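Asker: Take this structure, written in structure tokens, and hold onto it; I'll ask about it next.
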Amino acid sequence: CMALNVYVFQGKIDLGHQISLEGLKLAEESGDPLSLAEAYTSHGFALYCKGFLNRAEECLLKGYAVCERINYAAMESIASWALGEIYVEMQAYQKAEKYHKKQLSSIERLGLKLYMDSSRVSLARAKIMSDDSDIDFESLISWVNHNKVQLYDGIIRRNLSEIIASKDDQNLAEAENWIQQAIDADKRNGTRWQLGRDYAQYAELYKRKGDRAK
């Protein structure tokens, strides 16, 4: 999981991909279920970060299935979160909602309350993208402000920005404020891959504000 937890989030995507691929080859040779669960999930996440969504989906589904079979809840939560993110990008929002719910369930089983704020915001993002308007924005903001996991400081704010911007163009200034906070957080925490995604979303917001002004 070194590739997953260190290299990928630091933006060293190619190195993370290389190491996770080597780990997957070793795991497949051994056939050990625990190794396979970690290797499929790690490599699937690296593929996702490189933008290979279909290959990432296939690998993560394999990882999720092994995790479920051997009751490896910690790795199952990572696989289901990554699948939820992939399905949002694929605009398969019902699948995204399904896997983010699975991740939240895994975290609850593990008693990892520390990670629930980010998971709840990710689930809310999937719901609102699938036109579920039953979103409590006060709860969303409280989850963001309550988050204590530095690694998620940026992504949780970027997700909130995207949720706000997805409804209409009336609150783009608020969405811009949250994406700027995400940029600041990811700069501070050295999470470069997330920082790149922050800038991409900021550029999209800037374009929408320009189109609206015309």
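In the structure tokens, the first chain shown is A, the next is B, and so on; residue numbers restart at 1 for each chain, and ligands run from 1 in the order shown.
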Could you pull the residues within 8 Å of segment 94-97 of chain A, counting only C-alpha atoms, minus those fewer than 2 positions along the same chain, as a VMD selection string?
Answerer: chain A and resid 83 to 88 92 99 to 101 123 126 to 127 130
Asker: Produce a file of the selected residues containing N, CA, C and O atoms, as a PDB file, in the first residue's frame.
Answerer:
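Once everything was written out, this is out37.pdb:
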```
ATOM      1  N   LEU A  83     -14.033   3.644  -6.201  1.00  0.00           N
ATOM      2  CA  LEU A  83     -15.078   3.322  -7.185  1.00  0.00           C
ATOM      3  C   LEU A  83     -16.139   4.417  -7.214  1.00  0.00           C
ATOM      4  O   LEU A  83     -16.605   4.806  -8.292  1.00  0.00           O
ATOM      5  N   GLY A  84     -16.502   4.931  -6.042  1.00  0.00           N
ATOM      6  CA  GLY A  84     -17.463   6.028  -5.999  1.00  0.00           C
ATOM      7  C   GLY A  84     -16.969   7.247  -6.761  1.00  0.00           C
ATOM      8  O   GLY A  84     -17.722   7.876  -7.526  1.00  0.00           O
ATOM      9  N   GLU A  85     -15.687   7.571  -6.605  1.00  0.00           N
ATOM     10  CA  GLU A  85     -15.107   8.713  -7.307  1.00  0.00           C
ATOM     11  C   GLU A  85     -15.071   8.473  -8.823  1.00  0.00           C
ATOM     12  O   GLU A  85     -15.361   9.367  -9.619  1.00  0.00           O
ATOM     13  N   ILE A  86     -14.701   7.263  -9.209  1.00  0.00           N
ATOM     14  CA  ILE A  86     -14.652   6.914 -10.636  1.00  0.00           C
ATOM     15  C   ILE A  86     -16.038   7.041 -11.263  1.00  0.00           C
ATOM     16  O   ILE A  86     -16.199   7.603 -12.356  1.00  0.00           O
ATOM     17  N   TYR A  87     -17.053   6.535 -10.577  1.00  0.00           N
ATOM     18  CA  TYR A  87     -18.398   6.569 -11.149  1.00  0.00           C
ATOM     19  C   TYR A  87     -18.948   7.987 -11.245  1.00  0.00           C
ATOM     20  O   TYR A  87     -19.746   8.282 -12.140  1.00  0.00           O
ATOM     21  N   VAL A  88     -18.527   8.881 -10.348  1.00  0.00           N
ATOM     22  CA  VAL A  88     -18.894  10.290 -10.507  1.00  0.00           C
ATOM     23  C   VAL A  88     -18.306  10.827 -11.808  1.00  0.00           C
ATOM     24  O   VAL A  88     -18.985  11.502 -12.591  1.00  0.00           O
ATOM     25  N   ALA A  92     -21.958   8.053 -13.787  1.00  0.00           N
ATOM     26  CA  ALA A  92     -22.811   6.935 -13.359  1.00  0.00           C
ATOM     27  C   ALA A  92     -23.143   7.177 -11.891  1.00  0.00           C
ATOM     28  O   ALA A  92     -22.629   6.496 -10.992  1.00  0.00           O
ATOM     29  N   TYR A  99     -21.525   2.971  -4.050  1.00  0.00           N
ATOM     30  CA  TYR A  99     -20.219   2.635  -3.486  1.00  0.00           C
ATOM     31  C   TYR A  99     -19.796   3.591  -2.378  1.00  0.00           C
ATOM     32  O   TYR A  99     -19.092   3.189  -1.450  1.00  0.00           O
ATOM     33  N   HIS A 100     -20.243   4.840  -2.437  1.00  0.00           N
ATOM     34  CA  HIS A 100     -19.950   5.732  -1.314  1.00  0.00           C
ATOM     35  C   HIS A 100     -20.738   5.309  -0.069  1.00  0.00           C
ATOM     36  O   HIS A 100     -20.245   5.454   1.059  1.00  0.00           O
ATOM     37  N   LYS A 101     -21.930   4.774  -0.263  1.00  0.00           N
ATOM     38  CA  LYS A 101     -22.673   4.223   0.879  1.00  0.00           C
ATOM     39  C   LYS A 101     -21.947   3.015   1.456  1.00  0.00           C
ATOM     40  O   LYS A 101     -21.887   2.831   2.675  1.00  0.00           O
ATOM     41  N   LEU A 123     -20.486  11.198  -0.294  1.00  0.00           N
ATOM     42  CA  LEU A 123     -21.799  10.626  -0.582  1.00  0.00           C
ATOM     43  C   LEU A 123     -22.787  11.713  -0.983  1.00  0.00           C
ATOM     44  O   LEU A 123     -23.562  11.532  -1.939  1.00  0.00           O
ATOM     45  N   ALA A 126     -22.261  12.653  -4.592  1.00  0.00           N
ATOM     46  CA  ALA A 126     -22.846  11.677  -5.520  1.00  0.00           C
ATOM     47  C   ALA A 126     -24.362  11.823  -5.578  1.00  0.00           C
ATOM     48  O   ALA A 126     -24.962  11.752  -6.663  1.00  0.00           O
ATOM     49  N   LYS A 127     -24.982  12.047  -4.425  1.00  0.00           N
ATOM     50  CA  LYS A 127     -26.440  12.193  -4.386  1.00  0.00           C
ATOM     51  C   LYS A 127     -26.912  13.411  -5.170  1.00  0.00           C
ATOM     52  O   LYS A 127     -27.871  13.339  -5.935  1.00  0.00           O
ATOM     53  N   SER A 130     -26.907  13.104  -8.822  1.00  0.00           N
ATOM     54  CA  SER A 130     -27.985  12.269  -9.357  1.00  0.00           C
ATOM     55  C   SER A 130     -29.347  12.917  -9.100  1.00  0.00           C
ATOM     56  O   SER A 130     -30.378  12.248  -9.046  1.00  0.00           O
TER      57      SER A 130
END
```
Asker: Residues of segment 62-171 of chain A in alpha helix (DSSP H) according to DSSP, as a VMD selection string?
Answerer: chain A and resid 62 to 70 73 to 89 93 to 110 116 to 129 137 to 146 153 to 167
Asker: Any idea what the distance is between atom CA of Tyr40 of chain A and atom CA of Val8 of chain A?
Answerer: 14.8 Å
Asker: Go ahead and compute the interatomic distance for atom CA of Ile155 of chain A and atom CA of Asp186 of chain A, in Å to one decimal.
Answerer: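 Interatomic distance here is 8.2 Å.
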Asker: Taking 3 positions as the minimum chain separation for residues in the same chain, which residues sit within 9 Å of Ser166 of chain A when counting only C-alpha atoms? Answer as number ranges by chain.
Answerer: A: 128-129, 161-163, 169
Asker: Pick out the residues sitting within 12 Å of Gln150 of chain A, and hand them over as a PDB file with all heavy atoms, in the first residue's frame; count only C-alpha atoms, and ignore anything fewer than 5 positions along from it in its own chain.
Answerer:
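Result went into out.pdb, see below:
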```
ATOM      1  N   PHE A   9      -0.647  10.199  -3.485  1.00  0.00           N
ATOM      2  CA  PHE A   9      -1.166  11.442  -2.941  1.00  0.00           C
ATOM      3  C   PHE A   9      -0.138  12.572  -3.009  1.00  0.00           C
ATOM      4  O   PHE A   9      -0.513  13.742  -2.994  1.00  0.00           O
ATOM      5  CB  PHE A   9      -1.647  11.232  -1.505  1.00  0.00           C
ATOM      6  CG  PHE A   9      -3.049  10.697  -1.434  1.00  0.00           C
ATOM      7  CD1 PHE A   9      -3.289   9.358  -1.142  1.00  0.00           C
ATOM      8  CD2 PHE A   9      -4.129  11.517  -1.680  1.00  0.00           C
ATOM      9  CE1 PHE A   9      -4.580   8.863  -1.088  1.00  0.00           C
ATOM     10  CE2 PHE A   9      -5.428  11.029  -1.630  1.00  0.00           C
ATOM     11  CZ  PHE A   9      -5.645   9.698  -1.331  1.00  0.00           C
ATOM     12  N   LEU A 114     -13.281   9.188  12.696  1.00  0.00           N
ATOM     13  CA  LEU A 114     -12.420  10.264  12.195  1.00  0.00           C
ATOM     14  C   LEU A 114     -12.596  10.483  10.696  1.00  0.00           C
ATOM     15  O   LEU A 114     -12.418  11.593  10.194  1.00  0.00           O
ATOM     16  CB  LEU A 114     -10.957   9.909  12.501  1.00  0.00           C
ATOM     17  CG  LEU A 114      -9.906  11.008  12.367  1.00  0.00           C
ATOM     18  CD1 LEU A 114     -10.132  12.095  13.400  1.00  0.00           C
ATOM     19  CD2 LEU A 114      -8.511  10.414  12.532  1.00  0.00           C
ATOM     20  N   TYR A 115     -12.951   9.410   9.970  1.00  0.00           N
ATOM     21  CA  TYR A 115     -13.036   9.484   8.509  1.00  0.00           C
ATOM     22  C   TYR A 115     -14.456   9.709   7.996  1.00  0.00           C
ATOM     23  O   TYR A 115     -14.674   9.797   6.788  1.00  0.00           O
ATOM     24  CB  TYR A 115     -12.477   8.196   7.895  1.00  0.00           C
ATOM     25  CG  TYR A 115     -11.014   7.987   8.181  1.00  0.00           C
ATOM     26  CD1 TYR A 115     -10.602   7.225   9.272  1.00  0.00           C
ATOM     27  CD2 TYR A 115     -10.037   8.562   7.382  1.00  0.00           C
ATOM     28  CE1 TYR A 115      -9.249   7.044   9.552  1.00  0.00           C
ATOM     29  CE2 TYR A 115      -8.692   8.392   7.647  1.00  0.00           C
ATOM     30  CZ  TYR A 115      -8.306   7.631   8.741  1.00  0.00           C
ATOM     31  OH  TYR A 115      -6.978   7.455   9.015  1.00  0.00           O
ATOM     32  N   SER A 118     -15.490  13.214   5.787  1.00  0.00           N
ATOM     33  CA  SER A 118     -15.155  13.209   4.372  1.00  0.00           C
ATOM     34  C   SER A 118     -16.049  12.257   3.590  1.00  0.00           C
ATOM     35  O   SER A 118     -16.497  12.568   2.479  1.00  0.00           O
ATOM     36  CB  SER A 118     -13.682  12.822   4.183  1.00  0.00           C
ATOM     37  OG  SER A 118     -13.350  12.770   2.826  1.00  0.00           O
ATOM     38  N   VAL A 144     -17.394  19.510   6.924  1.00  0.00           N
ATOM     39  CA  VAL A 144     -16.142  20.048   6.381  1.00  0.00           C
ATOM     40  C   VAL A 144     -15.312  20.681   7.490  1.00  0.00           C
ATOM     41  O   VAL A 144     -14.109  20.423   7.623  1.00  0.00           O
ATOM     42  CB  VAL A 144     -16.430  21.075   5.265  1.00  0.00           C
ATOM     43  CG1 VAL A 144     -15.141  21.801   4.867  1.00  0.00           C
ATOM     44  CG2 VAL A 144     -17.043  20.387   4.049  1.00  0.00           C
ATOM     45  N   ASN A 145     -15.945  21.497   8.294  1.00  0.00           N
ATOM     46  CA  ASN A 145     -15.218  22.201   9.353  1.00  0.00           C
ATOM     47  C   ASN A 145     -14.775  21.270  10.478  1.00  0.00           C
ATOM     48  O   ASN A 145     -13.800  21.556  11.175  1.00  0.00           O
ATOM     49  CB  ASN A 145     -16.090  23.326   9.923  1.00  0.00           C
ATOM     50  CG  ASN A 145     -16.274  24.477   8.938  1.00  0.00           C
ATOM     51  OD1 ASN A 145     -15.402  24.733   8.114  1.00  0.00           O
ATOM     52  ND2 ASN A 145     -17.411  25.151   9.023  1.00  0.00           N
ATOM     53  N   ILE A 155      -9.668  17.782  -0.427  1.00  0.00           N
ATOM     54  CA  ILE A 155     -10.716  17.110  -1.195  1.00  0.00           C
ATOM     55  C   ILE A 155     -12.106  17.370  -0.625  1.00  0.00           C
ATOM     56  O   ILE A 155     -13.074  17.531  -1.372  1.00  0.00           O
ATOM     57  CB  ILE A 155     -10.444  15.592  -1.299  1.00  0.00           C
ATOM     58  CG1 ILE A 155     -11.419  14.952  -2.287  1.00  0.00           C
ATOM     59  CG2 ILE A 155     -10.485  14.909   0.052  1.00  0.00           C
ATOM     60  CD1 ILE A 155     -11.101  13.505  -2.591  1.00  0.00           C
ATOM     61  N   ILE A 156     -12.212  17.455   0.694  1.00  0.00           N
ATOM     62  CA  ILE A 156     -13.537  17.673   1.287  1.00  0.00           C
ATOM     63  C   ILE A 156     -14.049  19.067   0.941  1.00  0.00           C
ATOM     64  O   ILE A 156     -15.257  19.264   0.709  1.00  0.00           O
ATOM     65  CB  ILE A 156     -13.486  17.427   2.816  1.00  0.00           C
ATOM     66  CG1 ILE A 156     -14.891  17.234   3.381  1.00  0.00           C
ATOM     67  CG2 ILE A 156     -12.755  18.538   3.553  1.00  0.00           C
ATOM     68  CD1 ILE A 156     -14.905  16.781   4.831  1.00  0.00           C
ATOM     69  N   ARG A 157     -13.140  20.038   0.838  1.00  0.00           N
ATOM     70  CA  ARG A 157     -13.536  21.393   0.456  1.00  0.00           C
ATOM     71  C   ARG A 157     -13.821  21.485  -1.046  1.00  0.00           C
ATOM     72  O   ARG A 157     -14.731  22.192  -1.466  1.00  0.00           O
ATOM     73  CB  ARG A 157     -12.443  22.387   0.874  1.00  0.00           C
ATOM     74  CG  ARG A 157     -12.457  22.645   2.368  1.00  0.00           C
ATOM     75  CD  ARG A 157     -11.214  23.326   2.888  1.00  0.00           C
ATOM     76  NE  ARG A 157     -11.399  23.704   4.285  1.00  0.00           N
ATOM     77  CZ  ARG A 157     -11.315  22.858   5.314  1.00  0.00           C
ATOM     78  NH1 ARG A 157     -11.013  21.579   5.077  1.00  0.00           N
ATOM     79  NH2 ARG A 157     -11.519  23.263   6.543  1.00  0.00           N
ATOM     80  N   ALA A 182      -9.602  24.803  -0.692  1.00  0.00           N
ATOM     81  CA  ALA A 182      -9.063  23.482  -1.048  1.00  0.00           C
ATOM     82  C   ALA A 182      -7.643  23.612  -1.587  1.00  0.00           C
ATOM     83  O   ALA A 182      -6.748  22.829  -1.226  1.00  0.00           O
ATOM     84  CB  ALA A 182      -9.962  22.811  -2.090  1.00  0.00           C
ATOM     85  N   ALA A 185      -5.278  24.312   1.244  1.00  0.00           N
ATOM     86  CA  ALA A 185      -5.070  23.120   2.078  1.00  0.00           C
ATOM     87  C   ALA A 185      -4.129  22.132   1.397  1.00  0.00           C
ATOM     88  O   ALA A 185      -3.222  21.581   2.034  1.00  0.00           O
ATOM     89  CB  ALA A 185      -6.410  22.454   2.382  1.00  0.00           C
ATOM     90  N   ASP A 186      -4.336  21.888   0.105  1.00  0.00           N
ATOM     91  CA  ASP A 186      -3.504  20.910  -0.588  1.00  0.00           C
ATOM     92  C   ASP A 186      -2.077  21.421  -0.809  1.00  0.00           C
ATOM     93  O   ASP A 186      -1.132  20.628  -0.802  1.00  0.00           O
ATOM     94  CB  ASP A 186      -4.157  20.494  -1.912  1.00  0.00           C
ATOM     95  CG  ASP A 186      -5.330  19.542  -1.693  1.00  0.00           C
ATOM     96  OD1 ASP A 186      -5.222  18.692  -0.798  1.00  0.00           O
ATOM     97  OD2 ASP A 186      -6.344  19.655  -2.402  1.00  0.00           O
ATOM     98  N   LYS A 187      -1.911  22.713  -0.949  1.00  0.00           N
ATOM     99  CA  LYS A 187      -0.561  23.291  -0.978  1.00  0.00           C
ATOM    100  C   LYS A 187       0.127  23.056   0.368  1.00  0.00           C
ATOM    101  O   LYS A 187       1.282  22.641   0.425  1.00  0.00           O
ATOM    102  CB  LYS A 187      -0.626  24.794  -1.272  1.00  0.00           C
ATOM    103  CG  LYS A 187      -0.832  25.166  -2.721  1.00  0.00           C
ATOM    104  CD  LYS A 187      -0.826  26.684  -2.860  1.00  0.00           C
ATOM    105  CE  LYS A 187      -0.960  27.113  -4.303  1.00  0.00           C
ATOM    106  NZ  LYS A 187      -0.995  28.605  -4.426  1.00  0.00           N
ATOM    107  N   ARG A 188      -0.596  23.335   1.421  1.00  0.00           N
ATOM    108  CA  ARG A 188      -0.044  23.223   2.784  1.00  0.00           C
ATOM    109  C   ARG A 188       0.315  21.776   3.127  1.00  0.00           C
ATOM    110  O   ARG A 188       1.334  21.512   3.762  1.00  0.00           O
ATOM    111  CB  ARG A 188      -1.081  23.763   3.772  1.00  0.00           C
ATOM    112  CG  ARG A 188      -0.661  23.769   5.230  1.00  0.00           C
ATOM    113  CD  ARG A 188      -1.675  24.505   6.082  1.00  0.00           C
ATOM    114  NE  ARG A 188      -2.977  23.860   6.104  1.00  0.00           N
ATOM    115  CZ  ARG A 188      -4.070  24.360   5.532  1.00  0.00           C
ATOM    116  NH1 ARG A 188      -4.026  25.513   4.883  1.00  0.00           N
ATOM    117  NH2 ARG A 188      -5.223  23.719   5.613  1.00  0.00           N
ATOM    118  N   ASN A 189      -0.505  20.838   2.668  1.00  0.00           N
ATOM    119  CA  ASN A 189      -0.324  19.435   3.037  1.00  0.00           C
ATOM    120  C   ASN A 189       0.503  18.642   2.040  1.00  0.00           C
ATOM    121  O   ASN A 189       0.795  17.465   2.276  1.00  0.00           O
ATOM    122  CB  ASN A 189      -1.696  18.767   3.213  1.00  0.00           C
ATOM    123  CG  ASN A 189      -2.480  19.355   4.371  1.00  0.00           C
ATOM    124  OD1 ASN A 189      -1.898  19.776   5.366  1.00  0.00           O
ATOM    125  ND2 ASN A 189      -3.795  19.396   4.244  1.00  0.00           N
ATOM    126  N   GLY A 190       0.894  19.266   0.939  1.00  0.00           N
ATOM    127  CA  GLY A 190       1.734  18.584  -0.039  1.00  0.00           C
ATOM    128  C   GLY A 190       1.017  17.508  -0.833  1.00  0.00           C
ATOM    129  O   GLY A 190       1.655  16.626  -1.413  1.00  0.00           O
ATOM    130  N   THR A 191      -0.309  17.567  -0.873  1.00  0.00           N
ATOM    131  CA  THR A 191      -1.099  16.583  -1.634  1.00  0.00           C
ATOM    132  C   THR A 191      -1.257  17.100  -3.068  1.00  0.00           C
ATOM    133  O   THR A 191      -2.284  17.673  -3.437  1.00  0.00           O
ATOM    134  CB  THR A 191      -2.463  16.353  -0.955  1.00  0.00           C
ATOM    135  OG1 THR A 191      -2.994  17.612  -0.505  1.00  0.00           O
ATOM    136  CG2 THR A 191      -2.321  15.444   0.250  1.00  0.00           C
TER     137      THR A 191
END
```
Asker: Show me, as a list in words, the residues that have an atom within 8 Å of Gln103 of chain A when counting only C-alpha atoms, minus same-chain residues fewer than 6 positions from it.
Answerer: Glu76, Ser77, Ile78, Ser80, Trp81 and Ser119 of chain A
Asker: Those same residues - N, CA, C and O atoms - I'd like them written as a compact mmCIF listing (two decimals), in the first residue's frame.
Answerer:
```txt
# COMPACT_ATOMS: atom_id res chain seq x y z
N GLU A 76 -11.44 -2.56 1.92
CA GLU A 76 -12.74 -2.48 1.24
C GLU A 76 -13.24 -1.04 1.20
O GLU A 76 -13.81 -0.59 0.20
N SER A 77 -13.00 -0.30 2.29
CA SER A 77 -13.46 1.09 2.34
C SER A 77 -12.71 1.95 1.32
O SER A 77 -13.28 2.84 0.71
N ILE A 78 -11.42 1.66 1.12
CA ILE A 78 -10.63 2.41 0.14
C ILE A 78 -11.09 2.09 -1.28
O ILE A 78 -11.27 2.98 -2.11
N SER A 80 -14.03 0.95 -2.25
CA SER A 80 -15.38 1.47 -2.51
C SER A 80 -15.36 2.99 -2.68
O SER A 80 -16.08 3.54 -3.52
N TRP A 81 -14.50 3.69 -1.91
CA TRP A 81 -14.38 5.15 -2.10
C TRP A 81 -13.88 5.47 -3.50
O TRP A 81 -14.44 6.33 -4.19
N SER A 119 -16.34 11.10 4.17
CA SER A 119 -17.19 10.11 3.50
C SER A 119 -18.60 10.63 3.30
O SER A 119 -19.22 10.41 2.26
```
Asker: Can you pull out the residues contacting Asp117 of chain A? Cut-off 8 Å, using only C-alpha atoms, and skip same-chain residues under 5 positions away; I want them as a list of chain:residue names.
Answerer: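 Once the nearby chain positions are removed, what remains is A:Trp143, A:Val144, A:His146, A:Asn147.
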Asker: Sorted by chain and rising residue number, which residues of segment 98-200 of chain A lie within 10 Å of segment 51-74 of chain A, and what are their closest atom pairs and distances in Å to one decimal, counting only C-alpha atoms, as CSV?
Answerer:
```
residue,atom,partner,partner_atom,distance
A:Gln103,CA,A:Ala73,CA,9.0
A:Ser105,CA,A:Ala73,CA,9.3
A:Ser106,CA,A:Ala73,CA,5.7
A:Ile107,CA,A:Ala74,CA,7.5
A:Glu108,CA,A:Ala73,CA,9.9
A:Arg109,CA,A:Ala73,CA,7.7
A:Leu110,CA,A:Ala73,CA,7.1
A:Leu112,CA,A:Ala74,CA,9.6
```
